[in-house]
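S.K.: So that we are looking at the same thing, I have put the structure below in structure tokens.
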Amino acid sequence: MGEKTIRIPIGPQHPFLKEPAKFDFDISGEEIIGARMRIGYNHRGMEKACEERNYYQCLYLLERICGICSHSHTTCYVQAVEDILKLEVPKRGLYLRTLVCELERLHSHFLWLGVAAHEVGFDTLFMYVWRDREVVMEILEEISGNRVNYAINTIGGVRRDLTEEQRKKILGSLDLLKKRLDYYTHIGTHEPSFLARIQGVGKMSKERAIQMCAVGPFARASGLDVDVRRDDQYAAYGDLDFKVITSDQCDVLGRVIVRVLEIAESLKMIQQLLTKLPEGDIAVKKVPRRVPAGFSISRYEAPRGEDVHYVRSNGTEKPERVKVRAPTMANLEAATESIVGSFIADIPIAIASIDPCFSCTDRTAVVLNDKKKGMRITTWEELRRYGVDWYRKNKGIHF
Amino acid sequence: MKSAGSMIPELLDNIRKKPVTRLYPFEKVTVPEGFRGTPQLNSALCLGCQACVRDCTSEAIQILLKKPDPSAPPPAEGAKIPKKFYMVLYLDRCIHCARCAEVCPKDAITMDREFEVANFTRDALRLIQE
Ligand code: SF4
Ligand code: SF4
């Protein structure tokens, strides 16, 4: 080739990024031949803050990890706490929790479809999708009291019951959403100008997706059949009949297909939840404030993929450790790699295709191999050698 | 798979529709019944148990003992003076989670439906509710 490689940095502040992150792209002509990513600009110290707060305060703090998946994080967290406390959440509580989960998925996927359309310059679709997303937002506001942070979860169930009127109203809106969705599915998969921008862009093979531990719609669009809702059932998903959508497209088009078909599945699930809604309590009446020592890991299928919370308790009112692995964390590396081979013009849509949420995912970053600070990367073998030598020298243990 | 022009019927359809953008603040918007606005204290019910203070997510509440009113007639011999409490609410910290209303054993706190609470100074957001 002999062509010169140029490096273009994008971020941490850049008009196309909604949140700070840094990407370095090596380009040859218009083609991207190498990509690297760095996070660490938006660390909020929430995990640490949880150690200073009681379990209820943590609940509302963790809700604010993400503006879109707020219910995902609280559900994941309360599931872990309920597991340590061995609480049996009433059926109705679980159904209502699942209802908000699916409504959240609807609004998140609609939002993503709009953002994806906007990133490729298809603003008409963006406006239409966001207009129709308002229907879901209004339902959420009505049943929870807020559009974004629903605060409907509590340890041992949910805080608000659904009235008969609200139930009917949601069932009534489903038809409109279904109709609109059919139309968007058609546009997303048939409109030539849209297809031209998304087909073959951001390629990620199934093998690579497995190796890089991709999750959620991003992994499913590479043909990976994973979904926590089915694989490790929680809340009311065991009672529901739904399909896990996958696609073998392995590109941005595949991610559009997976998400629009998932919206259809969510609509189906909401219908089932509302028709089967059992009577009874919505939450456990008496929840102890002190949580006995123990730990739990909870998994949850957020709209962006698998969310993991680890909670360790020590018998007090405050958790000893809360650890959050947001789905974007799992997908970022893979997304960065998927851009290689595309053009510069495809960067926005390729990154947006994982539906990234940098503040949810951010943590402190340590720069390795920094000679000035004396930091370096240690390989596994070096670390093993170090361990063996250290024990020999300090403890006299020879192997 | 491709079919050009699928947007056209939708575009034509929308020509006849009114814009969905609301002209807020010139046009009032309403919030639903259960909207979580500002916490309001009914001091007649408050016991001063501090449960709301303990659980408030953002340390936005103080429940303080009211000084007895000097102009009030002295209580009858042997009668207990009921303690009165008031709340200082730092609305700039409040995240409107309604945990205080949920945890109060006397239901002394309720959430109103006010959402236009922004102000120019932090002092104005320090509310004293008696
Ligand atoms: S609504 Fe939440 S943040 Fe506001 S005062 Fe009550 S508990 Fe505190
Ligand atoms: S929880 Fe209720 S009764 Fe107790 S101090 Fe707060 S407002 Fe008063």
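Following the order of the structure tokens, chains are lettered A, B, ..., residues in each are numbered from 1, and ligands are numbered from 1.
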Residues near Val31 (chain B), anyone? I mean within 12 Å using only C-alpha atoms, not counting same-chain ones fewer than 4 positions away, as an MDAnalysis selection string.
M.R.: (chainID A and resid 138:147) or (chainID B and resid 35:37 112:116)
S.K.: May I have all residues of region 150-335 of chain A that DSSP, computed from the backbone, assigns to helix (DSSP H, G or I), given as an NGL selection string?
M.R.: :A and (164-190 or 192-198 or 206-211 or 216-220 or 228-231 or 237-239 or 252-276 or 327-335)
S.K.: For Ser43 (chain B), list every protein, DNA or RNA residue within 10 Å, evaluated using only C-alpha atoms, and leave out those in the same chain fewer than 4 positions away; present the list as an NGL selection string.
M.R.: :B and (47-48 or 63 or 84-87 or 108-109 or 129-130)
S.K.: Write a file of the selected residues as a compact mmCIF listing (two decimals), in the first residue's frame, keeping N, CA and C atoms.
M.R.:
```txt
# COMPACT_ATOMS: atom_id res chain seq x y z
N LEU B 47 -44.20 13.36 64.38
CA LEU B 47 -43.77 12.91 65.71
C LEU B 47 -42.33 13.33 66.03
N GLY B 48 -41.63 13.72 65.02
CA GLY B 48 -40.22 14.03 65.20
C GLY B 48 -39.34 12.80 65.28
N ILE B 63 -35.54 17.86 60.41
CA ILE B 63 -36.76 18.01 61.21
C ILE B 63 -36.31 18.61 62.55
N LYS B 84 -43.81 20.36 69.00
CA LYS B 84 -44.12 20.72 67.60
C LYS B 84 -42.83 20.70 66.79
N PHE B 85 -42.92 20.20 65.59
CA PHE B 85 -41.73 20.13 64.75
C PHE B 85 -41.94 20.88 63.45
N TYR B 86 -40.85 21.32 62.87
CA TYR B 86 -40.95 21.90 61.53
C TYR B 86 -39.86 21.30 60.65
N MET B 87 -40.04 21.45 59.36
CA MET B 87 -39.10 20.81 58.43
C MET B 87 -38.36 21.88 57.63
N ALA B 108 -47.07 12.03 57.52
CA ALA B 108 -47.05 13.48 57.70
C ALA B 108 -46.49 14.17 56.46
N ILE B 109 -45.80 13.42 55.62
CA ILE B 109 -45.24 14.03 54.41
C ILE B 109 -46.03 13.56 53.20
N GLN B 129 -41.04 24.50 56.30
CA GLN B 129 -42.45 24.09 56.32
C GLN B 129 -42.87 23.86 57.76
N GLU B 130 -43.85 24.60 58.20
CA GLU B 130 -44.30 24.46 59.59
C GLU B 130 -45.69 23.86 59.65
```
S.K.: Pick the closest to chain B from A:Phe295, A:Tyr60, A:Tyr77, A:Trp390: which is it, counting only C-alpha atoms?
M.R.: A:Tyr60
S.K.: 7 Å from ligand 2 is the threshold here; counting only C-alpha atoms and all ligand atoms, which polymer residues fall inside it? Answer as a PyMOL selection string.
M.R.: chain B and resi 41+45-53+63+100+103-109
S.K.: Could you build a table of the residues in chain B lying no more than 10 Å from ligand 1, giving for each the nearest pair of atoms and their separation in Å rounded to one decimal place, using only C-alpha atoms and all ligand atoms, ordered by chain and ascending residue number, as CSV?
M.R.:
```
residue,atom,partner,partner_atom_place_in_ligand_line,distance
B:Arg36,CA,ligand 1,1 (S),7.8
B:Gly37,CA,ligand 1,1 (S),8.0
B:Thr38,CA,ligand 1,1 (S),6.9
B:Pro39,CA,ligand 1,1 (S),5.9
B:Gln40,CA,ligand 1,5 (S),9.1
B:Ala51,CA,ligand 1,7 (S),9.9
B:Cys52,CA,ligand 1,7 (S),6.5
B:Val53,CA,ligand 1,8 (Fe),7.5
B:Arg54,CA,ligand 1,7 (S),8.9
B:Asp55,CA,ligand 1,7 (S),6.3
B:Cys56,CA,ligand 1,7 (S),3.6
B:Thr57,CA,ligand 1,3 (S),5.1
B:Ser58,CA,ligand 1,3 (S),5.1
B:Glu59,CA,ligand 1,8 (Fe),6.2
B:Ala60,CA,ligand 1,5 (S),5.1
B:Ile61,CA,ligand 1,5 (S),5.4
B:Gln62,CA,ligand 1,5 (S),9.1
B:Met87,CA,ligand 1,5 (S),10.0
B:Val88,CA,ligand 1,5 (S),9.5
B:Leu89,CA,ligand 1,5 (S),6.6
B:Tyr90,CA,ligand 1,5 (S),7.6
B:Leu91,CA,ligand 1,4 (Fe),7.2
B:Asp92,CA,ligand 1,4 (Fe),9.3
B:Arg93,CA,ligand 1,3 (S),6.7
B:Cys94,CA,ligand 1,4 (Fe),3.7
B:Ile95,CA,ligand 1,3 (S),4.3
B:His96,CA,ligand 1,1 (S),3.7
B:Cys97,CA,ligand 1,2 (Fe),4.0
B:Ala98,CA,ligand 1,1 (S),3.9
B:Arg99,CA,ligand 1,7 (S),4.3
B:Cys100,CA,ligand 1,7 (S),4.0
B:Ala101,CA,ligand 1,6 (Fe),6.5
B:Glu102,CA,ligand 1,7 (S),8.5
B:Val103,CA,ligand 1,7 (S),8.7
B:Ile109,CA,ligand 1,6 (Fe),8.5
B:Thr110,CA,ligand 1,6 (Fe),9.3
B:Met111,CA,ligand 1,1 (S),7.7
```
S.K.: Produce a file of the selected residues containing N, CA and C atoms, as an mmCIF file, in the first residue's frame.
M.R.:
```
data_model
loop_
_atom_site.group_PDB
_atom_site.id
_atom_site.type_symbol
_atom_site.label_atom_id
_atom_site.label_comp_id
_atom_site.auth_asym_id
_atom_site.auth_seq_id
_atom_site.Cartn_x
_atom_site.Cartn_y
_atom_site.Cartn_z
ATOM 1 N N ARG B 36 -44.532 12.969 41.371
ATOM 2 C CA ARG B 36 -43.781 13.228 42.600
ATOM 3 C C ARG B 36 -43.169 14.632 42.557
ATOM 4 N N GLY B 37 -43.845 15.567 43.220
ATOM 5 C CA GLY B 37 -43.351 16.944 43.235
ATOM 6 C C GLY B 37 -42.522 17.212 44.471
ATOM 7 N N THR B 38 -42.863 18.288 45.163
ATOM 8 C CA THR B 38 -42.114 18.689 46.360
ATOM 9 C C THR B 38 -42.726 18.055 47.605
ATOM 10 N N PRO B 39 -41.908 17.541 48.519
ATOM 11 C CA PRO B 39 -42.470 16.991 49.760
ATOM 12 C C PRO B 39 -43.079 18.108 50.617
ATOM 13 N N GLN B 40 -44.239 17.854 51.182
ATOM 14 C CA GLN B 40 -44.913 18.843 52.035
ATOM 15 C C GLN B 40 -45.151 18.215 53.397
ATOM 16 N N ALA B 51 -37.294 9.514 60.986
ATOM 17 C CA ALA B 51 -37.168 8.421 60.010
ATOM 18 C C ALA B 51 -36.943 8.978 58.614
ATOM 19 N N CYS B 52 -37.612 10.084 58.303
ATOM 20 C CA CYS B 52 -37.455 10.678 56.974
ATOM 21 C C CYS B 52 -36.037 11.223 56.793
ATOM 22 N N VAL B 53 -35.491 11.794 57.860
ATOM 23 C CA VAL B 53 -34.140 12.357 57.781
ATOM 24 C C VAL B 53 -33.135 11.234 57.528
ATOM 25 N N ARG B 54 -33.346 10.125 58.235
ATOM 26 C CA ARG B 54 -32.417 9.000 58.130
ATOM 27 C C ARG B 54 -32.409 8.400 56.724
ATOM 28 N N ASP B 55 -33.575 8.326 56.104
ATOM 29 C CA ASP B 55 -33.654 7.658 54.805
ATOM 30 C C ASP B 55 -33.581 8.586 53.606
ATOM 31 N N CYS B 56 -33.615 9.876 53.827
ATOM 32 C CA CYS B 56 -33.581 10.784 52.677
ATOM 33 C C CYS B 56 -32.298 10.533 51.881
ATOM 34 N N THR B 57 -32.482 10.298 50.611
ATOM 35 C CA THR B 57 -31.367 9.899 49.762
ATOM 36 C C THR B 57 -30.296 10.967 49.680
ATOM 37 N N SER B 58 -30.700 12.233 49.698
ATOM 38 C CA SER B 58 -29.708 13.266 49.446
ATOM 39 C C SER B 58 -29.565 14.235 50.611
ATOM 40 N N GLU B 59 -29.897 13.775 51.791
ATOM 41 C CA GLU B 59 -29.781 14.597 53.002
ATOM 42 C C GLU B 59 -30.425 15.963 52.800
ATOM 43 N N ALA B 60 -31.626 15.953 52.295
ATOM 44 C CA ALA B 60 -32.303 17.204 51.970
ATOM 45 C C ALA B 60 -33.246 17.661 53.071
ATOM 46 N N ILE B 61 -33.433 16.845 54.115
ATOM 47 C CA ILE B 61 -34.433 17.189 55.131
ATOM 48 C C ILE B 61 -33.773 17.418 56.491
ATOM 49 N N GLN B 62 -34.306 18.388 57.206
ATOM 50 C CA GLN B 62 -34.015 18.511 58.639
ATOM 51 C C GLN B 62 -35.361 18.619 59.342
ATOM 52 N N MET B 87 -40.038 21.446 59.364
ATOM 53 C CA MET B 87 -39.095 20.809 58.426
ATOM 54 C C MET B 87 -38.360 21.884 57.629
ATOM 55 N N VAL B 88 -37.056 21.686 57.512
ATOM 56 C CA VAL B 88 -36.298 22.521 56.573
ATOM 57 C C VAL B 88 -35.986 21.620 55.389
ATOM 58 N N LEU B 89 -36.452 22.034 54.239
ATOM 59 C CA LEU B 89 -36.254 21.208 53.047
ATOM 60 C C LEU B 89 -35.317 21.933 52.093
ATOM 61 N N TYR B 90 -34.225 21.265 51.767
ATOM 62 C CA TYR B 90 -33.283 21.838 50.797
ATOM 63 C C TYR B 90 -33.679 21.320 49.422
ATOM 64 N N LEU B 91 -34.486 22.106 48.778
ATOM 65 C CA LEU B 91 -35.048 21.643 47.507
ATOM 66 C C LEU B 91 -33.981 21.507 46.422
ATOM 67 N N ASP B 92 -32.856 22.195 46.613
ATOM 68 C CA ASP B 92 -31.789 22.057 45.619
ATOM 69 C C ASP B 92 -31.121 20.690 45.693
ATOM 70 N N ARG B 93 -31.319 19.988 46.813
ATOM 71 C CA ARG B 93 -30.730 18.653 46.923
ATOM 72 C C ARG B 93 -31.765 17.566 46.665
ATOM 73 N N CYS B 94 -33.011 17.873 46.937
ATOM 74 C CA CYS B 94 -34.065 16.853 46.852
ATOM 75 C C CYS B 94 -34.120 16.243 45.450
ATOM 76 N N ILE B 95 -34.201 14.927 45.381
ATOM 77 C CA ILE B 95 -34.281 14.272 44.070
ATOM 78 C C ILE B 95 -35.694 13.756 43.807
ATOM 79 N N HIS B 96 -36.627 14.145 44.627
ATOM 80 C CA HIS B 96 -38.049 13.827 44.423
ATOM 81 C C HIS B 96 -38.308 12.323 44.333
ATOM 82 N N CYS B 97 -37.663 11.585 45.233
ATOM 83 C CA CYS B 97 -37.826 10.141 45.184
ATOM 84 C C CYS B 97 -39.022 9.688 46.017
ATOM 85 N N ALA B 98 -39.511 10.547 46.896
ATOM 86 C CA ALA B 98 -40.681 10.248 47.743
ATOM 87 C C ALA B 98 -40.393 9.185 48.790
ATOM 88 N N ARG B 99 -39.136 8.939 49.059
ATOM 89 C CA ARG B 99 -38.818 7.973 50.116
ATOM 90 C C ARG B 99 -39.281 8.521 51.474
ATOM 91 N N CYS B 100 -39.147 9.832 51.678
ATOM 92 C CA CYS B 100 -39.549 10.425 52.956
ATOM 93 C C CYS B 100 -41.030 10.193 53.201
ATOM 94 N N ALA B 101 -41.846 10.386 52.158
ATOM 95 C CA ALA B 101 -43.284 10.193 52.305
ATOM 96 C C ALA B 101 -43.595 8.720 52.579
ATOM 97 N N GLU B 102 -42.800 7.836 51.979
ATOM 98 C CA GLU B 102 -43.058 6.401 52.120
ATOM 99 C C GLU B 102 -42.700 5.918 53.524
ATOM 100 N N VAL B 103 -41.615 6.448 54.079
ATOM 101 C CA VAL B 103 -41.098 5.902 55.323
ATOM 102 C C VAL B 103 -41.787 6.516 56.552
ATOM 103 N N ILE B 109 -45.803 13.417 55.622
ATOM 104 C CA ILE B 109 -45.239 14.031 54.409
ATOM 105 C C ILE B 109 -46.028 13.560 53.198
ATOM 106 N N THR B 110 -46.413 14.491 52.354
ATOM 107 C CA THR B 110 -47.073 14.127 51.098
ATOM 108 C C THR B 110 -46.337 14.842 49.977
ATOM 109 N N MET B 111 -46.440 14.295 48.781
ATOM 110 C CA MET B 111 -45.767 14.929 47.651
ATOM 111 C C MET B 111 -46.808 15.745 46.884
#
```
S.K.: Looking only at strand (DSSP E or B) from DSSP on the backbone, list the matching residues of region 47-105 of chain B as an MDAnalysis selection string.
M.R.: chainID B and resid 61:65 85:90
S.K.: Based on only C-alpha atoms, which of the residues in chain A come within 10 Å of chain B? I want them as a PyMOL selection string.
M.R.: chain A and resi 53-61+64+124-125+128+131+138-139+141-147+149-152+154+159-160+183-184+186-187+189-196
S.K.: Quick one: of A:Tyr237, A:Phe126, A:Tyr41, A:Trp380, who's nearest to Leu94 (chain A), counting only C-alpha atoms?
M.R.: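 Under the stated criterion, the closest residue is A:Tyr237.
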S.K.: Could you check the closest approach to Leu181 (chain A) for each of A:Ala302, A:Ala283, A:Val252, A:Leu106 and tell me which residue wins, using only C-alpha atoms?
M.R.: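 With only C-alpha atoms as the atom set, the closest residue is A:Leu106.
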S.K.: From the options A:Gln233, A:Thr316, A:Ser342, A:Asn331, which residue's atoms come nearest to Arg197 (chain A), counting only C-alpha atoms?
M.R.: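 When distances to Arg197 (chain A) are compared using only C-alpha atoms, the smallest one comes from A:Ser342.
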S.K.: Between A:Leu85, A:Leu103, A:Ile32, A:Ala219, single out the one closest to Ser266 (chain A), counting only C-alpha atoms.
M.R.: A:Leu103
S.K.: Glu31 (chain A): which residues within 8 Å, counting only C-alpha atoms, same-chain residues fewer than 4 positions away excluded, as a PyMOL selection string?
M.R.: chain A and resi 27+340-344
S.K.: Take the residues from that selection and write them out as an mmCIF file, in the first residue's frame, keeping N, CA and C atoms.
M.R.:
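The new file part_30.cif reads:
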```
data_model
loop_
_atom_site.group_PDB
_atom_site.id
_atom_site.type_symbol
_atom_site.label_atom_id
_atom_site.label_comp_id
_atom_site.auth_asym_id
_atom_site.auth_seq_id
_atom_site.Cartn_x
_atom_site.Cartn_y
_atom_site.Cartn_z
ATOM 1 N N ILE A 27 -6.139 5.964 10.305
ATOM 2 C CA ILE A 27 -6.797 5.894 9.010
ATOM 3 C C ILE A 27 -5.796 5.863 7.883
ATOM 4 N N VAL A 340 -13.230 -0.993 12.699
ATOM 5 C CA VAL A 340 -12.104 -1.211 11.780
ATOM 6 C C VAL A 340 -12.638 -1.795 10.465
ATOM 7 N N GLY A 341 -12.242 -1.162 9.378
ATOM 8 C CA GLY A 341 -12.707 -1.633 8.074
ATOM 9 C C GLY A 341 -13.791 -0.740 7.509
ATOM 10 N N SER A 342 -14.416 0.064 8.367
ATOM 11 C CA SER A 342 -15.434 0.996 7.870
ATOM 12 C C SER A 342 -14.764 2.308 7.486
ATOM 13 N N PHE A 343 -15.583 3.287 7.080
ATOM 14 C CA PHE A 343 -15.050 4.594 6.710
ATOM 15 C C PHE A 343 -15.218 5.595 7.853
ATOM 16 N N ILE A 344 -14.487 6.701 7.747
ATOM 17 C CA ILE A 344 -14.582 7.733 8.791
ATOM 18 C C ILE A 344 -16.030 8.154 8.981
#
```
S.K.: With a distance cut-off of 8 Å and only C-alpha atoms, select the neighbouring residues of Ile65 (chain A), excluding the residue or stretch itself and same-chain residues fewer than 6 positions from it, and output the selection as a list of chain:residue names.
M.R.: A:Met46, A:His73, A:Ser359, A:Cys360
S.K.: Only N, CA, C and O atoms, please: the residues just picked out, written as a PDB file, in the first residue's frame.
M.R.:
```pdb
ATOM      1  N   MET A  46     -19.936   6.319  42.302  1.00  0.00           N
ATOM      2  CA  MET A  46     -21.201   5.872  42.905  1.00  0.00           C
ATOM      3  C   MET A  46     -21.040   4.618  43.753  1.00  0.00           C
ATOM      4  O   MET A  46     -21.698   4.462  44.778  1.00  0.00           O
ATOM      5  N   HIS A  73     -31.121  -0.791  36.648  1.00  0.00           N
ATOM      6  CA  HIS A  73     -30.156  -0.803  37.738  1.00  0.00           C
ATOM      7  C   HIS A  73     -30.827  -1.042  39.079  1.00  0.00           C
ATOM      8  O   HIS A  73     -30.304  -1.782  39.902  1.00  0.00           O
ATOM      9  N   SER A 359     -21.424   7.319  30.959  1.00  0.00           N
ATOM     10  CA  SER A 359     -21.384   7.594  32.399  1.00  0.00           C
ATOM     11  C   SER A 359     -21.795   6.388  33.211  1.00  0.00           C
ATOM     12  O   SER A 359     -21.363   6.220  34.345  1.00  0.00           O
ATOM     13  N   CYS A 360     -22.650   5.513  32.660  1.00  0.00           N
ATOM     14  CA  CYS A 360     -23.041   4.312  33.405  1.00  0.00           C
ATOM     15  C   CYS A 360     -21.846   3.411  33.614  1.00  0.00           C
ATOM     16  O   CYS A 360     -21.755   2.658  34.560  1.00  0.00           O
TER      17      CYS A 360
END
```
